[in-house]
There are 2 protein chains.
Amino acid sequence: MREFKRKSRILLIDDNADHLRGVKELITLESSYDVVGATTSANMGISLAKKYRPDIILMDINMPEKDGLQAIQELEKLELGVKVIALSGYDDADLIFRAMKLGAKGYVLKTMASAQLIYAIDEVASGKIYLPTALTSRFFEYFQRSFKEEASVSEENLLTYLTAREEEVLELLTQGNNYKGIAGKLFISETTVKTHVNNIFQKLQVNDRTQAVLYALNNGFANRKAIRA
Amino acid sequence: MREFKRKSRILLIDDNADHLRGVKELITLESSYDVVGATTSANMGISLAKKYRPDIILMDINMPEKDGLQAIQELEKLELGVKVIALSGYDDADLIFRAMKLGAKGYVLKTMASAQLIYAIDEVASGKIYLPTALTSRFFEYFQRSFKEEASVSEENLLTYLTAREEEVLELLTQGNNYKGIAGKLFISETTVKTHVNNIFQKLQVNDRTQAVLYALNNGFANRKAIRA
DNA sequence: CATTTTATCAATCCAAAGATGTAAGACAAA
DNA sequence: TTTGTCTTACATCTTTGGATTGATAAAATG
């Protein structure tokens, strides 16, 4: 399964024409990549990507006309298999987080040294994901903060008062079952399920099943933890 | 605001006594850190952390007795301000993801060179978050995959068929309101709400409000995106 | 051993939720 | 203008959900 090795093809998208020219020259002269296109428009960039199928796109994400992040999202949805590297003037944690969430394979700053930019492209071209150390740190601080806020909400988690059986019942509730469905799955009578459900309501201090389900989901019940979007 | 600079204090937790001794020697000889404790038990480690208040904890997360990840969680909950570095024999993406989610400030492999371990400690001691490049790559692949699955699920999203009003009603449903509550908040009659809710059920192809709420939450409704835990 | 908790089941009653059909006014598109 | 969709609204009926009380046996706890 050895692939044919060829020069990776790069598409550049940056609304700043000067910077665009500079990067193009840098890549042409200092690396072995083919620049198959360079445009100042995000929409044009997406069209070019569809046409030329580059391996890598260097995308400025701070453009006035169209949001670069949105462009990344659209490119990912097209599933062209292109690796997008976000290029930005800012090392804002939120920007980094959103870019990576949308599927960017790298995030580099415009202020970075040329050699480091080439290195980033090399890494991404070889299938890795590249973030400069400092930005990785930023990312994780943001990442951990978003989980911590959640955790602190569930300091006093009423779910801990539930018995094992009640947890089973609640889990089935969070899957959209009604009394009959739960009774069938647990091989117990419907009235027993009602008893359990009522006890769950008491312990979680809620009035109905929907609220119980919401409480469960928002307080780290089993399989899902939420993240701020 | 210059802080008084002193040697950082380190606590070691590793159920493998041999490895524990080795790391202790390494740090004592090759670095300027104080090893204030070393134990093979996670529970003991937590006690020692409370007693000696180390700056950094090197925590093996592959321990049979008690899960190291759980220990990290407990330490974070205590808010001792200690920086935990996860130490593991495996570069499993899920392990890395969970450790970082729980607040680990770093993740290093036991197979790494001594110098790199010291470097990791240096970085974390100085307030940064440290992940070796290869592990960063792993982490992000996992991270992006968990978001992508979500996106792909919502390709054919039944939520798009809802009218603006129905979305309002659904949002109130996802907040645990009953008919009366929704009617009051939207200043319309309860029967009208019933009409909307019934239409929502039809469009989302569900049988009751709980299922509708679950569908909404699992398909990118508004404020929360889930992530596999 | 005595006590408490848990899991099971039942009967009853009322409230809430859900299904179905109908319809009028607003508004936008054809 | 006609057509269609959206929002509003009501009546009726059936089903489901929820509260309450009480009861039994097993299991855990002290």
# chains A, B, ... in the order shown; residues from 1 in each chain; ligands from 1
call {"tool": "select_by_dssp", "arguments": {"residues": "range 93-152 of chain B", "states": "strand (DSSP E or B)", "output": "PDB file with N, CA, C and O atoms, in the first residue's frame"}}
result
ATOM      1  N   GLY B 106      -0.171  17.928  32.357  1.00  0.00           N
ATOM      2  CA  GLY B 106       0.748  17.326  31.417  1.00  0.00           C
ATOM      3  C   GLY B 106       0.501  15.832  31.343  1.00  0.00           C
ATOM      4  O   GLY B 106      -0.208  15.265  32.184  1.00  0.00           O
ATOM      5  N   TYR B 107       1.058  15.221  30.312  1.00  0.00           N
ATOM      6  CA  TYR B 107       0.894  13.776  30.137  1.00  0.00           C
ATOM      7  C   TYR B 107       2.183  13.280  29.506  1.00  0.00           C
ATOM      8  O   TYR B 107       2.528  13.683  28.396  1.00  0.00           O
ATOM      9  N   VAL B 108       2.889  12.450  30.228  1.00  0.00           N
ATOM     10  CA  VAL B 108       4.154  11.949  29.687  1.00  0.00           C
ATOM     11  C   VAL B 108       4.191  10.427  29.747  1.00  0.00           C
ATOM     12  O   VAL B 108       3.546   9.800  30.585  1.00  0.00           O
ATOM     13  N   LEU B 109       4.953   9.864  28.825  1.00  0.00           N
ATOM     14  CA  LEU B 109       5.067   8.414  28.752  1.00  0.00           C
ATOM     15  C   LEU B 109       6.263   7.919  29.552  1.00  0.00           C
ATOM     16  O   LEU B 109       7.293   8.589  29.633  1.00  0.00           O
ATOM     17  N   TYR B 130       1.958  20.886  29.393  1.00  0.00           N
ATOM     18  CA  TYR B 130       2.884  20.217  28.497  1.00  0.00           C
ATOM     19  C   TYR B 130       2.404  18.861  28.002  1.00  0.00           C
ATOM     20  O   TYR B 130       2.067  17.982  28.779  1.00  0.00           O
TER      21      TYR B 130
END
call {"tool": "interface_residues", "arguments": {"of": "chain A", "to": "chain D", "cutoff": "12 Å", "atoms": "only C-alpha atoms (C1' of nucleotides)", "output": "PyMOL selection string"}}
result
chain A and resi 178-180+190-191+193-202+206-210
call {"tool": "atom_distance", "arguments": {"atom1": "CA of Thr174 in chain A", "atom2": "CA of Gln144 in chain A"}}
result
26.6 Å
call {"tool": "interface_residues", "arguments": {"of": "chain C", "to": "chain A", "cutoff": "8 Å", "atoms": "only C-alpha atoms (C1' of nucleotides)", "output": "PyMOL selection string"}}
result
chain C and resi 8-10
call {"tool": "select_by_dssp", "arguments": {"residues": "chain B", "states": "helix (DSSP H, G or I)", "output": "MDAnalysis selection string"}}
result
chainID B and resid 17:30 42:52 68:78 93:101 114:125 133:156 158:161 164:173 179:186 190:204 209:218
call {"tool": "atom_distance", "arguments": {"atom1": "CA of Val35 in chain A", "atom2": "CA of Ile10 in chain A"}}
result
4.7 Å
call {"tool": "residues_around", "arguments": {"residues": "Leu78 in chain B", "least_positions_apart": "2", "cutoff": "12 Å", "atoms": "only C-alpha atoms (C1' of nucleotides)", "output": "list in words"}}
result
Ser152 and Glu155 of chain A; Ile46, Ser47, Ala49, Lys50, Arg53, Ala71, Ile72, Gln73, Glu74, Leu75, Glu76, Leu80, Gly81 and Val82 of chain B
call {"tool": "residues_around", "arguments": {"residues": "range 20-28 of chain A", "least_positions_apart": "2", "cutoff": "10 Å", "atoms": "only C-alpha atoms (C1' of nucleotides)", "output": "short mmCIF file (atom, residue, chain, number, x, y, z; two decimals) with N, CA, C and O atoms, in the first residue's frame"}}
result
data_model
loop_
_atom_site.label_atom_id
_atom_site.label_comp_id
_atom_site.auth_asym_id
_atom_site.auth_seq_id
_atom_site.Cartn_x
_atom_site.Cartn_y
_atom_site.Cartn_z
N ILE A 10 -0.47 23.12 -2.36
CA ILE A 10 -0.97 24.06 -1.35
C ILE A 10 -1.80 25.17 -1.96
O ILE A 10 -1.47 25.69 -3.03
N LEU A 11 -2.89 25.49 -1.26
CA LEU A 11 -3.72 26.63 -1.65
C LEU A 11 -3.66 27.67 -0.54
O LEU A 11 -3.76 27.33 0.64
N LEU A 12 -3.45 28.91 -0.94
CA LEU A 12 -3.33 29.98 0.05
C LEU A 12 -4.56 30.89 0.02
O LEU A 12 -5.00 31.31 -1.05
N ILE A 13 -5.11 31.17 1.20
CA ILE A 13 -6.25 32.08 1.29
C ILE A 13 -5.96 33.12 2.37
O ILE A 13 -5.80 32.78 3.54
N ASP A 14 -5.86 34.35 1.95
CA ASP A 14 -5.52 35.42 2.89
C ASP A 14 -5.98 36.74 2.29
O ASP A 14 -5.58 37.08 1.17
N ASP A 15 -6.82 37.45 3.04
CA ASP A 15 -7.38 38.67 2.46
C ASP A 15 -6.34 39.79 2.35
O ASP A 15 -6.54 40.76 1.64
N ASN A 16 -5.24 39.62 3.06
CA ASN A 16 -4.17 40.62 2.97
C ASN A 16 -3.26 40.25 1.80
O ASN A 16 -2.46 39.31 1.88
N ALA A 17 -3.39 41.01 0.71
CA ALA A 17 -2.66 40.67 -0.52
C ALA A 17 -1.15 40.65 -0.31
O ALA A 17 -0.45 39.80 -0.86
N ASP A 18 -0.66 41.58 0.49
CA ASP A 18 0.79 41.64 0.73
C ASP A 18 1.27 40.37 1.42
O ASP A 18 2.25 39.75 1.01
N GLU A 30 11.49 28.49 -0.40
CA GLU A 30 12.11 27.80 0.73
C GLU A 30 11.61 26.38 0.98
O GLU A 30 12.04 25.74 1.93
N SER A 31 10.67 25.93 0.19
CA SER A 31 10.18 24.58 0.44
C SER A 31 9.95 23.85 -0.87
O SER A 31 10.13 24.42 -1.95
N SER A 32 9.52 22.65 -0.77
CA SER A 32 9.32 21.85 -1.98
C SER A 32 7.83 21.68 -2.28
O SER A 32 7.44 20.69 -2.86
N TYR A 33 7.03 22.64 -1.84
CA TYR A 33 5.60 22.52 -2.08
C TYR A 33 5.19 23.29 -3.33
O TYR A 33 5.81 24.28 -3.71
N ASP A 34 4.11 22.81 -3.93
CA ASP A 34 3.54 23.49 -5.08
C ASP A 34 2.41 24.39 -4.62
O ASP A 34 1.47 23.93 -3.98
N VAL A 35 2.51 25.65 -4.93
CA VAL A 35 1.40 26.54 -4.62
C VAL A 35 0.46 26.53 -5.83
O VAL A 35 0.79 27.06 -6.89
N VAL A 36 -0.69 25.87 -5.65
CA VAL A 36 -1.60 25.70 -6.80
C VAL A 36 -2.61 26.83 -6.89
O VAL A 36 -3.39 26.88 -7.84
N GLY A 37 -2.61 27.71 -5.90
CA GLY A 37 -3.55 28.80 -5.97
C GLY A 37 -3.33 29.74 -4.80
O GLY A 37 -2.79 29.35 -3.77
N ALA A 38 -3.74 30.99 -4.99
CA ALA A 38 -3.62 31.98 -3.93
C ALA A 38 -4.69 33.02 -4.17
O ALA A 38 -4.78 33.59 -5.26
N THR A 39 -5.52 33.23 -3.17
CA THR A 39 -6.62 34.17 -3.36
C THR A 39 -6.89 34.95 -2.08
O THR A 39 -6.57 34.50 -0.98
N THR A 40 -7.49 36.12 -2.24
CA THR A 40 -7.80 36.95 -1.08
C THR A 40 -9.25 36.75 -0.64
O THR A 40 -9.69 37.38 0.30
N LEU A 58 -3.74 26.87 3.47
CA LEU A 58 -3.33 27.81 4.51
C LEU A 58 -4.41 28.88 4.53
O LEU A 58 -4.54 29.65 3.57
N ASP A 60 -6.23 32.10 6.24
CA ASP A 60 -6.30 33.20 7.19
C ASP A 60 -7.70 33.19 7.80
O ASP A 60 -8.70 33.14 7.07
N LYS A 110 0.83 34.52 12.32
CA LYS A 110 1.50 35.23 11.23
C LYS A 110 2.86 35.76 11.65
O LYS A 110 3.73 36.01 10.82
N SER A 114 9.60 32.09 9.53
CA SER A 114 9.35 31.36 8.28
C SER A 114 9.62 29.87 8.46
O SER A 114 8.84 29.02 8.03
N ALA A 115 10.75 29.57 9.07
CA ALA A 115 11.14 28.18 9.22
C ALA A 115 10.06 27.41 9.98
O ALA A 115 9.76 26.24 9.67
N LEU A 117 6.88 28.05 10.08
CA LEU A 117 5.71 27.88 9.23
C LEU A 117 5.92 26.67 8.31
O LEU A 117 5.05 25.82 8.16
N ILE A 118 7.10 26.61 7.72
CA ILE A 118 7.42 25.47 6.85
C ILE A 118 7.35 24.18 7.64
O ILE A 118 6.80 23.17 7.18
N ILE A 121 3.81 23.11 8.14
CA ILE A 121 3.26 22.52 6.92
C ILE A 121 3.77 21.10 6.74
O ILE A 121 3.02 20.19 6.40
#
call {"tool": "decode", "arguments": {"residues": "chain C", "atoms": "N, CA, C and O atoms (P, O5', C5', C4', C3', O3' and C1' of nucleotides)", "output": "short mmCIF file (atom, residue, chain, number, x, y, z; two decimals), in the first residue's frame"}}
result
data_model
loop_
_atom_site.label_atom_id
_atom_site.label_comp_id
_atom_site.auth_asym_id
_atom_site.auth_seq_id
_atom_site.Cartn_x
_atom_site.Cartn_y
_atom_site.Cartn_z
P DC C 1 -30.97 -14.50 65.54
"O5'" DC C 1 -31.74 -13.51 66.51
"C5'" DC C 1 -31.14 -13.18 67.77
"C4'" DC C 1 -31.11 -11.67 67.94
"C3'" DC C 1 -32.33 -10.98 67.32
"O3'" DC C 1 -33.08 -10.34 68.34
"C1'" DC C 1 -30.26 -9.94 66.63
P DA C 2 -34.57 -9.78 67.86
"O5'" DA C 2 -34.21 -8.27 67.48
"C5'" DA C 2 -33.52 -7.44 68.41
"C4'" DA C 2 -33.28 -6.07 67.79
"C3'" DA C 2 -34.53 -5.43 67.20
"O3'" DA C 2 -34.53 -4.04 67.51
"C1'" DA C 2 -32.88 -5.70 65.50
P DT C 3 -35.74 -3.12 66.92
"O5'" DT C 3 -35.02 -2.44 65.67
"C5'" DT C 3 -33.68 -1.94 65.83
"C4'" DT C 3 -33.23 -1.29 64.53
"C3'" DT C 3 -34.33 -0.54 63.78
"O3'" DT C 3 -33.86 0.76 63.47
"C1'" DT C 3 -33.26 -2.07 62.33
P DT C 4 -34.82 1.81 62.70
"O5'" DT C 4 -34.15 1.78 61.25
"C5'" DT C 4 -32.71 1.75 61.14
"C4'" DT C 4 -32.31 1.64 59.69
"C3'" DT C 4 -33.17 2.45 58.73
"O3'" DT C 4 -32.32 3.17 57.87
"C1'" DT C 4 -33.07 0.18 58.03
P DT C 5 -32.92 4.16 56.73
"O5'" DT C 5 -32.60 3.32 55.39
"C5'" DT C 5 -31.35 2.65 55.29
"C4'" DT C 5 -31.33 1.77 54.06
"C3'" DT C 5 -31.98 2.38 52.83
"O3'" DT C 5 -31.10 2.23 51.74
"C1'" DT C 5 -32.85 0.22 53.24
P DT C 6 -31.44 2.86 50.32
"O5'" DT C 6 -31.96 1.58 49.53
"C5'" DT C 6 -31.18 0.39 49.54
"C4'" DT C 6 -31.94 -0.72 48.85
"C3'" DT C 6 -32.66 -0.29 47.57
"O3'" DT C 6 -32.15 -1.05 46.49
"C1'" DT C 6 -34.08 -1.60 48.96
P DA C 7 -32.67 -0.76 45.01
"O5'" DA C 7 -33.80 -1.85 44.81
"C5'" DA C 7 -33.48 -3.22 44.98
"C4'" DA C 7 -34.74 -4.06 44.80
"C3'" DA C 7 -35.59 -3.65 43.61
"O3'" DA C 7 -35.87 -4.80 42.81
"C1'" DA C 7 -36.91 -3.76 45.57
P DT C 8 -36.65 -4.59 41.44
"O5'" DT C 8 -38.13 -5.04 41.78
"C5'" DT C 8 -38.37 -6.38 42.22
"C4'" DT C 8 -39.68 -6.46 42.97
"C3'" DT C 8 -40.92 -6.04 42.19
"O3'" DT C 8 -41.39 -7.14 41.43
"C1'" DT C 8 -41.02 -5.41 44.50
P DC C 9 -42.44 -6.93 40.28
"O5'" DC C 9 -43.78 -6.53 41.03
"C5'" DC C 9 -44.45 -7.49 41.85
"C4'" DC C 9 -45.61 -6.85 42.56
"C3'" DC C 9 -46.63 -6.17 41.65
"O3'" DC C 9 -47.77 -7.00 41.52
"C1'" DC C 9 -46.23 -4.97 43.69
P DA C 10 -48.96 -6.59 40.53
"O5'" DA C 10 -49.92 -5.76 41.48
"C5'" DA C 10 -50.29 -6.28 42.74
"C4'" DA C 10 -51.22 -5.32 43.45
"C3'" DA C 10 -52.17 -4.58 42.52
"O3'" DA C 10 -53.51 -4.90 42.86
"C1'" DA C 10 -51.11 -3.07 44.03
P DA C 11 -54.71 -4.44 41.94
"O5'" DA C 11 -55.31 -3.20 42.76
"C5'" DA C 11 -55.42 -3.29 44.17
"C4'" DA C 11 -56.02 -1.99 44.69
"C3'" DA C 11 -57.00 -1.34 43.70
"O3'" DA C 11 -58.11 -0.82 44.41
"C1'" DA C 11 -55.19 0.14 44.14
P DT C 12 -59.39 -0.25 43.54
"O5'" DT C 12 -59.15 1.30 43.71
"C5'" DT C 12 -58.68 1.78 44.98
"C4'" DT C 12 -58.33 3.25 44.88
"C3'" DT C 12 -59.19 4.04 43.89
"O3'" DT C 12 -59.79 5.11 44.56
"C1'" DT C 12 -56.89 4.53 43.62
P DC C 13 -61.08 5.85 43.89
"O5'" DC C 13 -60.49 7.31 43.69
"C5'" DC C 13 -59.51 7.82 44.63
"C4'" DC C 13 -58.76 8.97 43.99
"C3'" DC C 13 -59.57 9.71 42.91
"O3'" DC C 13 -59.63 11.07 43.25
"C1'" DC C 13 -57.39 9.13 42.12
P DC C 14 -60.61 12.02 42.44
"O5'" DC C 14 -59.55 13.06 41.87
"C5'" DC C 14 -58.41 13.41 42.67
"C4'" DC C 14 -57.34 13.99 41.79
"C3'" DC C 14 -57.86 14.96 40.72
"O3'" DC C 14 -57.10 16.14 40.81
"C1'" DC C 14 -56.49 13.28 39.74
P DA C 15 -57.41 17.32 39.81
"O5'" DA C 15 -56.04 17.32 38.98
"C5'" DA C 15 -54.83 17.01 39.66
"C4'" DA C 15 -53.70 16.93 38.66
"C3'" DA C 15 -53.75 18.01 37.58
"O3'" DA C 15 -52.44 18.47 37.38
"C1'" DA C 15 -53.80 15.85 36.57
P DA C 16 -52.19 19.65 36.34
"O5'" DA C 16 -51.49 18.83 35.16
"C5'" DA C 16 -50.42 17.96 35.47
"C4'" DA C 16 -50.02 17.18 34.24
"C3'" DA C 16 -49.85 18.05 33.00
"O3'" DA C 16 -48.52 17.86 32.54
"C1'" DA C 16 -51.26 16.15 32.55
P DA C 17 -48.02 18.47 31.19
"O5'" DA C 17 -48.31 17.26 30.19
"C5'" DA C 17 -47.82 15.96 30.55
"C4'" DA C 17 -48.19 14.97 29.48
"C3'" DA C 17 -47.87 15.43 28.06
"O3'" DA C 17 -47.26 14.34 27.39
"C1'" DA C 17 -50.14 14.77 28.21
P DG C 18 -46.58 14.55 26.01
"O5'" DG C 18 -47.69 13.98 25.02
"C5'" DG C 18 -48.01 12.59 25.09
"C4'" DG C 18 -49.18 12.27 24.17
"C3'" DG C 18 -49.07 12.80 22.74
"O3'" DG C 18 -49.22 11.69 21.86
"C1'" DG C 18 -51.20 13.28 23.66
P DA C 19 -49.34 11.91 20.29
"O5'" DA C 19 -50.90 11.78 20.04
"C5'" DA C 19 -51.59 10.61 20.47
"C4'" DA C 19 -52.90 10.47 19.71
"C3'" DA C 19 -52.82 10.87 18.23
"O3'" DA C 19 -53.67 10.01 17.49
"C1'" DA C 19 -54.35 12.30 19.37
P DT C 20 -53.72 10.18 15.92
"O5'" DT C 20 -55.00 11.09 15.71
"C5'" DT C 20 -56.21 10.79 16.40
"C4'" DT C 20 -57.27 11.79 16.02
"C3'" DT C 20 -57.13 12.42 14.62
"O3'" DT C 20 -58.32 12.20 13.89
"C1'" DT C 20 -57.56 14.07 16.24
P DG C 21 -58.34 12.58 12.31
"O5'" DG C 21 -59.42 13.76 12.31
"C5'" DG C 21 -60.55 13.68 13.18
"C4'" DG C 21 -61.22 15.04 13.27
"C3'" DG C 21 -61.16 15.85 11.97
"O3'" DG C 21 -62.48 16.25 11.61
"C1'" DG C 21 -60.42 17.16 13.81
P DT C 22 -62.73 17.06 10.25
"O5'" DT C 22 -62.94 18.54 10.76
"C5'" DT C 22 -63.57 18.78 12.01
"C4'" DT C 22 -63.44 20.24 12.36
"C3'" DT C 22 -63.36 21.18 11.16
"O3'" DT C 22 -64.45 22.10 11.19
"C1'" DT C 22 -61.74 21.74 12.78
P DA C 23 -64.76 23.07 9.97
"O5'" DA C 23 -64.07 24.43 10.45
"C5'" DA C 23 -64.25 24.87 11.79
"C4'" DA C 23 -63.42 26.12 12.02
"C3'" DA C 23 -63.19 26.95 10.75
"O3'" DA C 23 -63.37 28.31 11.07
"C1'" DA C 23 -61.16 26.53 11.81
P DA C 24 -64.17 29.26 10.05
"O5'" DA C 24 -63.68 30.70 10.52
"C5'" DA C 24 -63.55 30.97 11.92
"C4'" DA C 24 -62.34 31.84 12.17
"C3'" DA C 24 -62.06 32.86 11.06
"O3'" DA C 24 -61.74 34.10 11.63
"C1'" DA C 24 -60.15 31.57 11.44
P DG C 25 -61.94 35.41 10.77
"O5'" DG C 25 -60.49 36.05 10.84
"C5'" DG C 25 -59.92 36.40 12.10
"C4'" DG C 25 -58.43 36.59 11.94
"C3'" DG C 25 -58.04 37.54 10.80
"O3'" DG C 25 -57.04 38.44 11.29
"C1'" DG C 25 -56.94 35.47 10.53
P DA C 26 -56.38 39.47 10.32
"O5'" DA C 26 -54.96 38.78 10.07
"C5'" DA C 26 -54.17 38.34 11.19
"C4'" DA C 26 -52.74 38.12 10.74
"C3'" DA C 26 -52.25 39.12 9.68
"O3'" DA C 26 -50.90 39.45 9.96
"C1'" DA C 26 -52.21 36.92 8.78
P DC C 27 -50.24 40.62 9.09
"O5'" DC C 27 -49.26 39.80 8.14
"C5'" DC C 27 -48.76 38.53 8.54
"C4'" DC C 27 -48.20 37.79 7.35
"C3'" DC C 27 -47.82 38.68 6.16
"O3'" DC C 27 -46.52 38.34 5.75
"C1'" DC C 27 -49.13 36.88 5.43
P DA C 28 -45.67 39.30 4.84
"O5'" DA C 28 -44.86 38.23 4.00
"C5'" DA C 28 -44.72 36.89 4.50
"C4'" DA C 28 -44.66 35.91 3.34
"C3'" DA C 28 -44.09 36.51 2.05
"O3'" DA C 28 -43.19 35.57 1.47
"C1'" DA C 28 -46.25 35.61 1.65
P DA C 29 -42.40 35.92 0.19
"O5'" DA C 29 -42.93 34.82 -0.83
"C5'" DA C 29 -43.16 33.48 -0.35
"C4'" DA C 29 -43.90 32.67 -1.41
"C3'" DA C 29 -43.40 32.93 -2.83
"O3'" DA C 29 -43.39 31.69 -3.53
"C1'" DA C 29 -45.71 33.44 -2.70
P DA C 30 -42.77 31.61 -4.97
"O5'" DA C 30 -44.00 31.19 -5.89
"C5'" DA C 30 -44.89 30.16 -5.43
"C4'" DA C 30 -46.12 30.12 -6.32
"C3'" DA C 30 -45.82 30.31 -7.81
"O3'" DA C 30 -46.51 29.33 -8.58
"C1'" DA C 30 -47.40 31.95 -7.08
#
